[in-house]
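Participant: This is the structure I want to talk about, given as structure tokens.
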Amino acid sequence: MTDESIVGRGTREGSRLFRGWFDELTAAADRGDRAAYVFVMGSLNEVLRCFDMHVTFPEINSLQLAVRRVAHEYLCEAEDQGYSPDICGYVKADVATQLRCGKHPMGRIPKPSIAVLTNACNTYVKWAEIWERMHGIPVFTIDVPGHRQLGVHTKPGQGQFESDRRYVETQIRELITLCEQISGKKFDIDRLRENMAHANTMSRCWKRILELNSNTPSVFNALTDGTIYLGVANGLRGTPEGAQYFEQLVEEMEYKAANNIGTTVDEQHRLSFVGVPCYPIFRRFNELFTDWGGTFVSSTYLWFASGGTNCGYEYDLTDPIASLSEGFLLSVRDAMDSMFDQTSMVRDSIERFDIDGVVYHPIKSCRTVSTGLADSRRSLMEQTGVSSLFIESDMMDRRVVSEAQLKNRVDAFFEGLISRKQQHAAAGGH
Amino acid sequence: MTITKPVFDCWVDQPLPELLRLCRLAIEEGDFSMVERWREAGGRTLGHFQVYFPTEIAHAAGMLPVKMCGAPVEPNNADSRFGSYLCSILKTSLELSLSGQVTLDMFVSHPICDAARNLAAIWGRNHEYPCQILYLPQNANSRGSAPYLTGEYNRLRAEAGQISGIEATDERLRASIELYNTSRALVRELYAIKRDTPWKITAEDAYSLVAIGGRIPVEEHIALLQAALPAIRERQTKAEDRIRVVFEGAFCEQPPLDLIRMVGRSCYIVDDDFLIGLRWLLEDVPNDGDPAAALAEAYLERSSYSPVQHDNRKPKEKMLIKRLRAAKAEAVVLTAAKMCEPGLEEQVAYVHALDSEKVPYFLSEFEENMSNFGSLELQVETFVENLLFS
């Protein structure tokens with residue numbers, strides 16, 4: 001094995017698989033096939049693939065529009081239809097995509113046959129209602145009760161957890177019945193087991209990959225590389241291709257860690273990212289940090305946008321539906337915690353990942369992720385005294401992204417960080 | 001401890017105009033002194049955020065349920081706890097607590113929207129007392145929803161009982177349900193007056209009579225309404241030539257009283273979704289079985305609608321048309337609070353439905369702290385004149 005054959009393989013292969021997945025969707029749309037519309041926090045791919053349903057993630061479709069710098073065209077089109085400038089940009093970009101009969105820079109999105117969503121984000125529900133009205137499709141919300149109180153977590157075997165798990169299981173069984181009706185195919189529990197086994201591999205590997213970034217230098221950029229991995233984690237969940245990809249990604253990251261191969265940046269400052277990336281200037285946004293030798297070694301985005309796969313939960317295949325319910329509850333709940341109650345999770349990662357600073361990036365579009373960040377930052381600083389930066393922009397709408405202002409804030413943050421390190425060193429710190 | 005001393009009795013033996021003025025004043029000025037009087041008498045308080053909360057549970061545990069739905073206050077302390085691009089009600093509700101205007105012993109919020117679901121964590125980081133989320137079912141159509149919600153209600157009553165020291169037994173909960181059934185029936189009667197004879201009570205007075213119920217014990221609210229309603233019915237005010245409208249879009253953040261007053265100057269608001277959570281249950285809750293199960297069943301099966309509950313049986317735009325027809329309204333004042341994601345998203349569906357039904361509507365946004373209504377009033381008057389003279 002050589003550096004050339006393995007280093008960067010995950011990025012190259014991830015892009016290829018991602019493109020292939022979109023090509024399949026385009027071919028399906030061209031044939032007039034429909035797809036299940038699902039979301040990153042609780043897609044239940046494991047179940048939907050039992051019925052040979054294509055799955056598409058409108059969040060991913062929308063963010064691709066921003067990365068490809070055409071989101072503004074779609075946003076304006078939706079606003080012309082009456083959608084407010086103050087609502088989620090993903091929703092508006094998708095509305096315009098639907099109005100364009102699925103036409104998208106990466107191909108064509110099939111029309112929906114069903115929308116499957118969780119309550120991890122309330123906008124999922126409002127979004128699905130738009131499709132319900134537009135396409136007359138059934139909408140199935142899997143209600144996943146989250147933790148009830150800050151720091152109070154229930155576990156399998158405890159009364160309240162089991163009550164929640166039963167509620168989730170009832171809903172999953174109802175979803176299976178609905179999928180049978182829509183697809184005309186009978187549910188095959190052995191097929192579910194196969195899909196769950198692939199998901200197990202992916203979960204185990206994803207957890208390992210995130211842990212490997214505690215290496216110095218970090219083995220991947222959690223903001224940019226991580227987003228590519230996320231695309232595969234969501235789109236190909238429960239598939240053999242997805243499982244194999246993540247096994248190979250672990251191999252690559254372990255190789256890099258063993259050989260002290262980092263990213264392309266000369267790592268000076270190790271950063272944790274909290275929030276959603278700034279997709280309208282994705283590359284430039286990252287450069288604002290890497291130009292100072294800052295690398296993102298950890299990101300809450302890789303936790304919640306993988307639907308909590310970072311927990312590494314592995315299903316018990318001998319009792320698939322009960323185990324699916326438990327794993328789904330734990331994972332989606334963890335994703336919710338990553339958004340609403342991430343202070344302790346970030347605090348715990350500071351030492352493990354040797355983090356110098358935490359970057360909070362709330363965005364206008366997403367109140368789910370952004371509402372609590374100012375208070376969370378205040379709390380984290382009280383607890384740890386870690387350096388932090390709070391910058392606001394958007395994940396879709398370039399009208400609320402001011403690159404010059406962001407740069408000013410980022411530059412000042414690094415100047416402070418460097419000064420702080422110098423003072424620490426002068427005081428005899430390590 | 002059972003609190004018997006009244007916390008809001010200034011209206012007793014007062015003529016109707018004075019009674020209404022006192023309620024209006026309390027709401028307009030964001031007066032929560034009644035909650036403090038309850039605590040001074042030794043009572044415990046449970047603050048609950050919008051939209052719906054089963055107040056019976058707090059009452060059965062001997063606590064005063066306090067509706068935290070914002071207030072006309074500057075969020076000087078709360079502002080730094082939030083980022084930009086958020087609705088006002090989150091900040092002013094937290095401000096009420098951080099500034100000491102309202103003292104709570106427990107806080108419960110609901111994941112009604114992306115912003116509000118963050119509130120329990122924010123509140124919890126800033127207060128020592130328990131701050132919880134009550135996950136009301138987001139899948140109202142599952143056969144698992146009612147048993148799940150019953151379990152949640154039982155959990156909540158146990159925890160409220162631990163805080164108050166009063167166990168919310170089945171017997172106590174049934175008694176609370178009975179009282180709230182009475183209170184809700186009186187509020188329905190008030191809305192019947194608004195609908196049938198809207199000239200007998202102004203929109204802002206009707207609003208205040210309901211809203212005060214979110215701050216005082218239900219027993220006192222019942223007494224207040226029992227005194228006010230007959231007097232309102234006996235009023236000899238004359239009907240005027242105004243158009244009948246439904247006001248929609250105030251399910252969470254509340255419009256300032258001046259805005260309601262302004263709309264009421266040129267329209268009769270014959271139905272609305274003001275404080276819809278206090279009127280969420282449309283019928284009496286059955287009181288002869290498991291009381292927690294009865295409350296859960298009522299939430300799912302005998303309830304109103306709002307943009308923050310998805311129920312396959314209740315498409316919101318159809319529910320709005322139903323509300324409009326039932327109230328014999330001619331038009332809709334269709335609003336949303338600024339930065340309110342569910343409200344703004346629902347507006348699009350409402351507009352399409354109203355367009356297809358050829359129902360005129362006035363489209364607007366509001367904020368609880370807005371204070372200038374001049375240009376808005378001109379627009380409303382123009383809208384009304386168009387309807388009257390078309």
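Chain lettering (A, B, ...) mirrors the order of the structure tokens, residue numbering begins at 1 for each chain separately, and ligand numbering begins at 1 in order of display.
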Just the residues within 12 Å of Asn154 of chain B, please, counting only C-alpha atoms, with nothing from its chain fewer than 2 positions along; format it as a short mmCIF file (atom, residue, chain, number, x, y, z; two decimals) with N, CA, C and O atoms, in the first residue's frame.

Facilitator:
```cif
data_model
loop_
_atom_site.label_atom_id
_atom_site.label_comp_id
_atom_site.auth_asym_id
_atom_site.auth_seq_id
_atom_site.Cartn_x
_atom_site.Cartn_y
_atom_site.Cartn_z
N GLN A 160 -38.84 4.92 31.52
CA GLN A 160 -39.22 5.95 30.56
C GLN A 160 -38.62 5.67 29.18
O GLN A 160 -39.26 5.88 28.15
N PRO B 54 -51.24 20.91 29.64
CA PRO B 54 -52.35 20.38 30.44
C PRO B 54 -52.31 20.99 31.85
O PRO B 54 -51.76 20.40 32.78
N GLU B 56 -54.34 21.21 34.07
CA GLU B 56 -54.96 20.41 35.12
C GLU B 56 -53.91 19.69 35.97
O GLU B 56 -54.10 19.50 37.18
N ILE B 57 -52.82 19.28 35.34
CA ILE B 57 -51.79 18.51 36.05
C ILE B 57 -51.12 19.39 37.10
O ILE B 57 -50.92 18.97 38.24
N ALA B 58 -50.76 20.61 36.70
CA ALA B 58 -50.14 21.53 37.67
C ALA B 58 -51.13 21.83 38.79
O ALA B 58 -50.77 21.82 39.98
N ALA B 60 -53.61 20.05 39.88
CA ALA B 60 -53.83 18.90 40.75
C ALA B 60 -52.67 18.71 41.73
O ALA B 60 -52.85 18.17 42.82
N ALA B 61 -51.49 19.19 41.32
CA ALA B 61 -50.33 19.11 42.23
C ALA B 61 -50.23 20.36 43.10
O ALA B 61 -49.21 20.57 43.76
N LEU B 134 -41.88 18.92 27.46
CA LEU B 134 -42.97 17.96 27.36
C LEU B 134 -43.14 17.66 25.88
O LEU B 134 -43.57 18.53 25.10
N PRO B 147 -51.33 6.27 24.30
CA PRO B 147 -50.66 5.63 25.45
C PRO B 147 -49.36 6.34 25.82
O PRO B 147 -49.04 6.50 27.01
N TYR B 148 -48.61 6.76 24.81
CA TYR B 148 -47.36 7.48 25.08
C TYR B 148 -47.64 8.77 25.86
O TYR B 148 -47.00 9.07 26.87
N LEU B 149 -48.64 9.52 25.38
CA LEU B 149 -48.92 10.81 26.02
C LEU B 149 -49.46 10.62 27.44
O LEU B 149 -49.14 11.39 28.35
N THR B 150 -50.24 9.57 27.62
CA THR B 150 -50.72 9.27 28.97
C THR B 150 -49.53 9.04 29.91
O THR B 150 -49.51 9.56 31.04
N GLY B 151 -48.56 8.30 29.42
CA GLY B 151 -47.35 8.06 30.21
C GLY B 151 -46.62 9.36 30.53
O GLY B 151 -46.12 9.56 31.64
N GLU B 152 -46.55 10.24 29.55
CA GLU B 152 -45.89 11.53 29.76
C GLU B 152 -46.63 12.37 30.81
O GLU B 152 -46.01 13.00 31.67
N LEU B 156 -45.21 13.66 34.38
CA LEU B 156 -45.23 15.08 34.72
C LEU B 156 -45.95 15.31 36.05
O LEU B 156 -45.50 16.11 36.89
N ARG B 157 -47.04 14.61 36.26
CA ARG B 157 -47.78 14.84 37.51
C ARG B 157 -46.97 14.36 38.71
O ARG B 157 -47.01 14.96 39.78
N ALA B 158 -46.18 13.28 38.50
CA ALA B 158 -45.34 12.80 39.61
C ALA B 158 -44.26 13.83 39.93
O ALA B 158 -43.99 14.13 41.10
N GLU B 159 -43.66 14.41 38.90
CA GLU B 159 -42.58 15.36 39.12
C GLU B 159 -43.11 16.68 39.69
O GLU B 159 -42.47 17.29 40.55
N ALA B 160 -44.27 17.11 39.21
CA ALA B 160 -44.87 18.33 39.77
C ALA B 160 -45.21 18.10 41.24
O ALA B 160 -45.01 18.98 42.09
N GLY B 161 -45.70 16.91 41.54
CA GLY B 161 -46.04 16.58 42.93
C GLY B 161 -44.84 16.60 43.85
O GLY B 161 -44.91 17.02 45.01
N GLU B 167 -49.31 15.33 46.17
CA GLU B 167 -49.45 14.30 45.15
C GLU B 167 -50.68 14.55 44.29
O GLU B 167 -51.78 14.77 44.82
N ALA B 168 -50.46 14.56 42.98
CA ALA B 168 -51.58 14.78 42.06
C ALA B 168 -52.30 13.46 41.85
O ALA B 168 -52.16 12.80 40.82
N THR B 169 -53.09 13.07 42.83
CA THR B 169 -53.80 11.79 42.77
C THR B 169 -54.86 11.83 41.67
O THR B 169 -55.22 12.90 41.18
N ASP B 170 -55.38 10.65 41.34
CA ASP B 170 -56.47 10.59 40.35
C ASP B 170 -57.64 11.47 40.80
O ASP B 170 -58.25 12.18 39.99
N LEU B 173 -56.81 15.04 40.31
CA LEU B 173 -56.76 15.37 38.87
C LEU B 173 -58.17 15.45 38.29
O LEU B 173 -58.46 16.34 37.47
N ASP B 290 -59.67 6.93 33.66
CA ASP B 290 -58.30 7.32 33.97
C ASP B 290 -58.13 8.80 33.56
O ASP B 290 -58.20 9.12 32.37
N PRO B 291 -57.90 9.70 34.51
CA PRO B 291 -57.91 11.12 34.14
C PRO B 291 -56.74 11.52 33.23
O PRO B 291 -56.91 12.38 32.35
N ALA B 292 -55.57 10.91 33.42
CA ALA B 292 -54.44 11.25 32.55
C ALA B 292 -54.73 10.78 31.13
O ALA B 292 -54.44 11.49 30.15
N ALA B 293 -55.31 9.58 31.00
CA ALA B 293 -55.66 9.07 29.68
C ALA B 293 -56.72 9.94 29.03
O ALA B 293 -56.71 10.18 27.82
N ALA B 294 -57.65 10.44 29.84
CA ALA B 294 -58.71 11.30 29.29
C ALA B 294 -58.12 12.60 28.76
O ALA B 294 -58.53 13.09 27.69
N LEU B 295 -57.16 13.16 29.48
CA LEU B 295 -56.52 14.39 29.01
C LEU B 295 -55.75 14.14 27.72
O LEU B 295 -55.77 14.96 26.80
N ALA B 296 -55.07 13.00 27.67
CA ALA B 296 -54.30 12.66 26.46
C ALA B 296 -55.24 12.47 25.28
O ALA B 296 -54.98 12.96 24.17
#
```

Participant: Enumerate, as a PyMOL selection string, the complete set of residues in segment 257-326 of chain B that a backbone-based DSSP assignment places in strand (DSSP E).

Facilitator: chain B and resi 267-272

Participant: Would you export the selected residues with all heavy atoms as a PDB file, in the first residue's frame, please?

Facilitator:
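The result, stored in result03.pdb:
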```pdb
ATOM      1  N   CYS B 267     -63.058  46.476  12.316  1.00  0.00           N
ATOM      2  CA  CYS B 267     -63.597  45.139  12.034  1.00  0.00           C
ATOM      3  C   CYS B 267     -64.164  44.543  13.323  1.00  0.00           C
ATOM      4  O   CYS B 267     -63.758  44.918  14.420  1.00  0.00           O
ATOM      5  CB  CYS B 267     -62.508  44.185  11.561  1.00  0.00           C
ATOM      6  SG  CYS B 267     -61.485  44.764  10.223  1.00  0.00           S
ATOM      7  N   TYR B 268     -65.048  43.595  13.170  1.00  0.00           N
ATOM      8  CA  TYR B 268     -65.418  42.743  14.294  1.00  0.00           C
ATOM      9  C   TYR B 268     -64.595  41.452  14.185  1.00  0.00           C
ATOM     10  O   TYR B 268     -64.727  40.724  13.192  1.00  0.00           O
ATOM     11  CB  TYR B 268     -66.898  42.392  14.259  1.00  0.00           C
ATOM     12  CG  TYR B 268     -67.806  43.526  14.669  1.00  0.00           C
ATOM     13  CD1 TYR B 268     -68.908  43.877  13.878  1.00  0.00           C
ATOM     14  CD2 TYR B 268     -67.584  44.240  15.845  1.00  0.00           C
ATOM     15  CE1 TYR B 268     -69.754  44.906  14.258  1.00  0.00           C
ATOM     16  CE2 TYR B 268     -68.427  45.283  16.222  1.00  0.00           C
ATOM     17  CZ  TYR B 268     -69.500  45.608  15.425  1.00  0.00           C
ATOM     18  OH  TYR B 268     -70.325  46.634  15.792  1.00  0.00           O
ATOM     19  N   ILE B 269     -63.746  41.217  15.194  1.00  0.00           N
ATOM     20  CA  ILE B 269     -62.984  39.963  15.187  1.00  0.00           C
ATOM     21  C   ILE B 269     -63.892  38.889  15.793  1.00  0.00           C
ATOM     22  O   ILE B 269     -64.068  38.816  17.007  1.00  0.00           O
ATOM     23  CB  ILE B 269     -61.679  40.100  15.988  1.00  0.00           C
ATOM     24  CG1 ILE B 269     -60.791  41.207  15.382  1.00  0.00           C
ATOM     25  CG2 ILE B 269     -60.913  38.774  16.002  1.00  0.00           C
ATOM     26  CD1 ILE B 269     -59.490  41.474  16.143  1.00  0.00           C
ATOM     27  N   VAL B 270     -64.507  38.096  14.924  1.00  0.00           N
ATOM     28  CA  VAL B 270     -65.522  37.152  15.388  1.00  0.00           C
ATOM     29  C   VAL B 270     -64.945  35.779  15.748  1.00  0.00           C
ATOM     30  O   VAL B 270     -65.627  34.967  16.360  1.00  0.00           O
ATOM     31  CB  VAL B 270     -66.664  37.014  14.361  1.00  0.00           C
ATOM     32  CG1 VAL B 270     -67.498  38.291  14.338  1.00  0.00           C
ATOM     33  CG2 VAL B 270     -66.128  36.702  12.972  1.00  0.00           C
ATOM     34  N   ASP B 271     -63.726  35.531  15.348  1.00  0.00           N
ATOM     35  CA  ASP B 271     -63.013  34.342  15.842  1.00  0.00           C
ATOM     36  C   ASP B 271     -61.521  34.578  15.589  1.00  0.00           C
ATOM     37  O   ASP B 271     -61.146  35.466  14.818  1.00  0.00           O
ATOM     38  CB  ASP B 271     -63.479  33.051  15.161  1.00  0.00           C
ATOM     39  CG  ASP B 271     -63.190  31.815  16.018  1.00  0.00           C
ATOM     40  OD1 ASP B 271     -62.497  31.960  17.068  1.00  0.00           O
ATOM     41  OD2 ASP B 271     -63.629  30.719  15.652  1.00  0.00           O
ATOM     42  N   ASP B 272     -60.695  33.794  16.248  1.00  0.00           N
ATOM     43  CA  ASP B 272     -59.254  34.036  16.177  1.00  0.00           C
ATOM     44  C   ASP B 272     -58.522  32.839  16.749  1.00  0.00           C
ATOM     45  O   ASP B 272     -59.133  31.890  17.247  1.00  0.00           O
ATOM     46  CB  ASP B 272     -58.905  35.297  17.001  1.00  0.00           C
ATOM     47  CG  ASP B 272     -59.430  35.200  18.414  1.00  0.00           C
ATOM     48  OD1 ASP B 272     -58.948  34.316  19.161  1.00  0.00           O
ATOM     49  OD2 ASP B 272     -60.332  35.979  18.797  1.00  0.00           O
TER      50      ASP B 272
END
```

Participant: Using only C-alpha atoms, which chain B residues lie at most 6 Å away from chain A, written as a ChimeraX atom specification?

Facilitator: /B:81-83,85,113-115,118,121,132-133,135,138-139,144,339,341,348

Participant: From a DSSP calculation on the backbone, collect every residue of segment 188-382 of chain A in alpha helix (DSSP H) and output the set as a ChimeraX atom specification.

Facilitator: /A:189-212,225-235,240-258,282-290,301-304,320-340,343-352,367-370,373-382

Participant: Give me the residues within 10 Å of Leu278 of chain B as a list in words, counting only C-alpha atoms and dropping any in the same chain fewer than 5 places off.

Facilitator: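 Non-adjacent residues within range: Gln50, Val51, Tyr52, Phe53, Pro54, Thr55, Lys67, Tyr180, Ser183, Arg184, Val187, Val210, Ala211, Gly213, Gly214 and Asp273 of chain B.
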
Participant: Got a sec: who's within 9 Å of Asp311 of chain B, counting only C-alpha atoms, leaving out chain neighbours fewer than 4 positions off, as a ChimeraX atom specification?

Facilitator: /B:138-141,300,305,315-316

Participant: Let's have the selection written as a PDB file, in the first residue's frame, with C-alpha atoms.

Facilitator:
```
ATOM      1  CA  GLN B 138     -45.849  15.075  16.714  1.00  0.00           C
ATOM      2  CA  ASN B 139     -47.427  12.015  15.173  1.00  0.00           C
ATOM      3  CA  ALA B 140     -51.023  12.529  16.157  1.00  0.00           C
ATOM      4  CA  ASN B 141     -52.158   9.656  13.971  1.00  0.00           C
ATOM      5  CA  LEU B 300     -55.468  14.264  20.287  1.00  0.00           C
ATOM      6  CA  TYR B 305     -55.496  23.210  15.254  1.00  0.00           C
ATOM      7  CA  PRO B 315     -55.101  20.175   7.248  1.00  0.00           C
ATOM      8  CA  LYS B 316     -54.642  23.678   8.578  1.00  0.00           C
TER       9      LYS B 316
END
```

Participant: Go through A:Cys76, A:Val297, A:Thr216, A:Arg69 one by one, measure the shortest atom-to-atom distance of each to Asn259 of chain A using only C-alpha atoms, and give the residue with the smallest value.

Facilitator: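 The answer is A:Thr216, which sits nearest to Asn259 of chain A.
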
Participant: How far is it from atom CA of Leu229 of chain B to atom CA of Tyr299 of chain B, in Å with one decimal?

Facilitator: 26.6 Å

Participant: Identify which of the residues B:Pro72, B:Pro198, B:Gly264, B:Gly289 lies closest to Glu171 of chain B, counting only C-alpha atoms when measuring atom-to-atom distances.

Facilitator: B:Gly289

Participant: Measuring between only C-alpha atoms, which one of A:Asn310, A:Thr11, A:Ser62, A:Thr239 shows the shortest distance to Phe220 of chain A?

Facilitator: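 Ranked by minimum distance to Phe220 of chain A, first place goes to A:Thr11.
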
Participant: Can you pull out every residue within 8 Å of Tyr129 of chain B, counting only C-alpha atoms, but drop anything in the same chain fewer than 5 positions away, and send it as an MDAnalysis selection string?

Facilitator: chainID B and resid 104:107 124

Participant: Within 8 Å of segment 91-102 of chain B, counting only C-alpha atoms, which residues show up once you throw out same-chain ones fewer than 4 positions away? Write them as a VMD selection string, please.

Facilitator: chain B and resid 32 to 33 35 to 36 68 to 79 82 87 123
